[in-house]
Amino acid sequence: QVQLVESGGGLVQAGGSLRLSCAASGIIFSRYNMGWYRQAPGKQRELVARTTNDGGTNYADSVKGRFTISRDNANNTVYLQMNSLKPTDTAVYLCNAVHALFHTNYWGQGTQVTVSS
């Protein structure tokens with residue numbers, strides 16, 4: 001049974017920082033591209049950041065220079081360090097795993113991030 005469990009969300013003031021974690025189980029973590037998406041009320045889900053199974057990364061333009069994605073293959077965990085948070089970053093943040101070869105796709109349940117002005 002595959003599980004992606006996010007943690008680390010919460011309420012923070014603008015300019016603050018949060019670190020999200022996503023612990024994966026039931027998959028061979030090192031074979032998966034891992035991503036963080038977010039969905040705000042009334043808006044489409046959007047990619048925030050992604051790390052490939054070979055360590056490459058890419059970011060949405062809106063978070064470049066503020067957010068950093070990293071992965072720990074030994075502990076089956078992907079992180080999202082979020083700095084200089086803005087109210088526009090408020091959303092549910094979801095963890096995503098996609099097999100690098102077969103494209104099998106899994107989602108976590110999400111963690112709420114709220115940034116107050």
# chains A, B, ... in the order shown; residues from 1 in each chain; ligands from 1
$ residues_around --residues "region 28-41 of chain A" --least-positions-apart "3" --cutoff "8 Å" --atoms "only C-alpha atoms" --output "list of chain:residue names"
A:Ala24, A:Ser25, A:Gln44, A:Arg45, A:Glu46, A:Leu47, A:Val48, A:Ala49, A:Arg50, A:Thr51, A:Thr52, A:Asn53, A:Asn73, A:Asn76, A:Val78, A:Leu80, A:Thr90, A:Ala91, A:Val92, A:Tyr93, A:Leu94, A:Cys95, A:Asn96, A:Ala97, A:Val98, A:His99, A:Ala100, A:Leu101
$ residues_around --residues "Ser7 (chain A)" --least-positions-apart "4" --cutoff "7 Å" --atoms "only C-alpha atoms" --output "list in words"
Leu20, Ser21, Cys22 and Thr111 of chain A
$ closest_residue --among "A:Val12, A:Ile27, A:Ile69, A:Ala74" --to "Asp89 (chain A)" --atoms "only C-alpha atoms"
A:Val12
$ atom_distance --atom1 "CA of Ser117 (chain A)" --atom2 "CA of Lys86 (chain A)"
7.6 Å
$ select_by_dssp --residues "region 2-46 of chain A" --states "strand (DSSP E)" --output "JSON, numbers by chain"
{"A": [3, 4, 5, 6, 7, 10, 11, 12, 13, 18, 19, 20, 21, 22, 23, 24, 25, 32, 33, 34, 35, 36, 37, 38, 39, 46]}
$ atom_distance --atom1 "CA of Lys64 (chain A)" --atom2 "CA of Trp107 (chain A)"
23.1 Å
$ atom_distance --atom1 "CA of Val5 (chain A)" --atom2 "CA of Tyr59 (chain A)"
21.3 Å
$ residues_around --residues "Asn83 (chain A)" --least-positions-apart "6" --cutoff "12 Å" --atoms "only C-alpha atoms" --output "ChimeraX atom specification"
/A:12-20,63-69,89,115
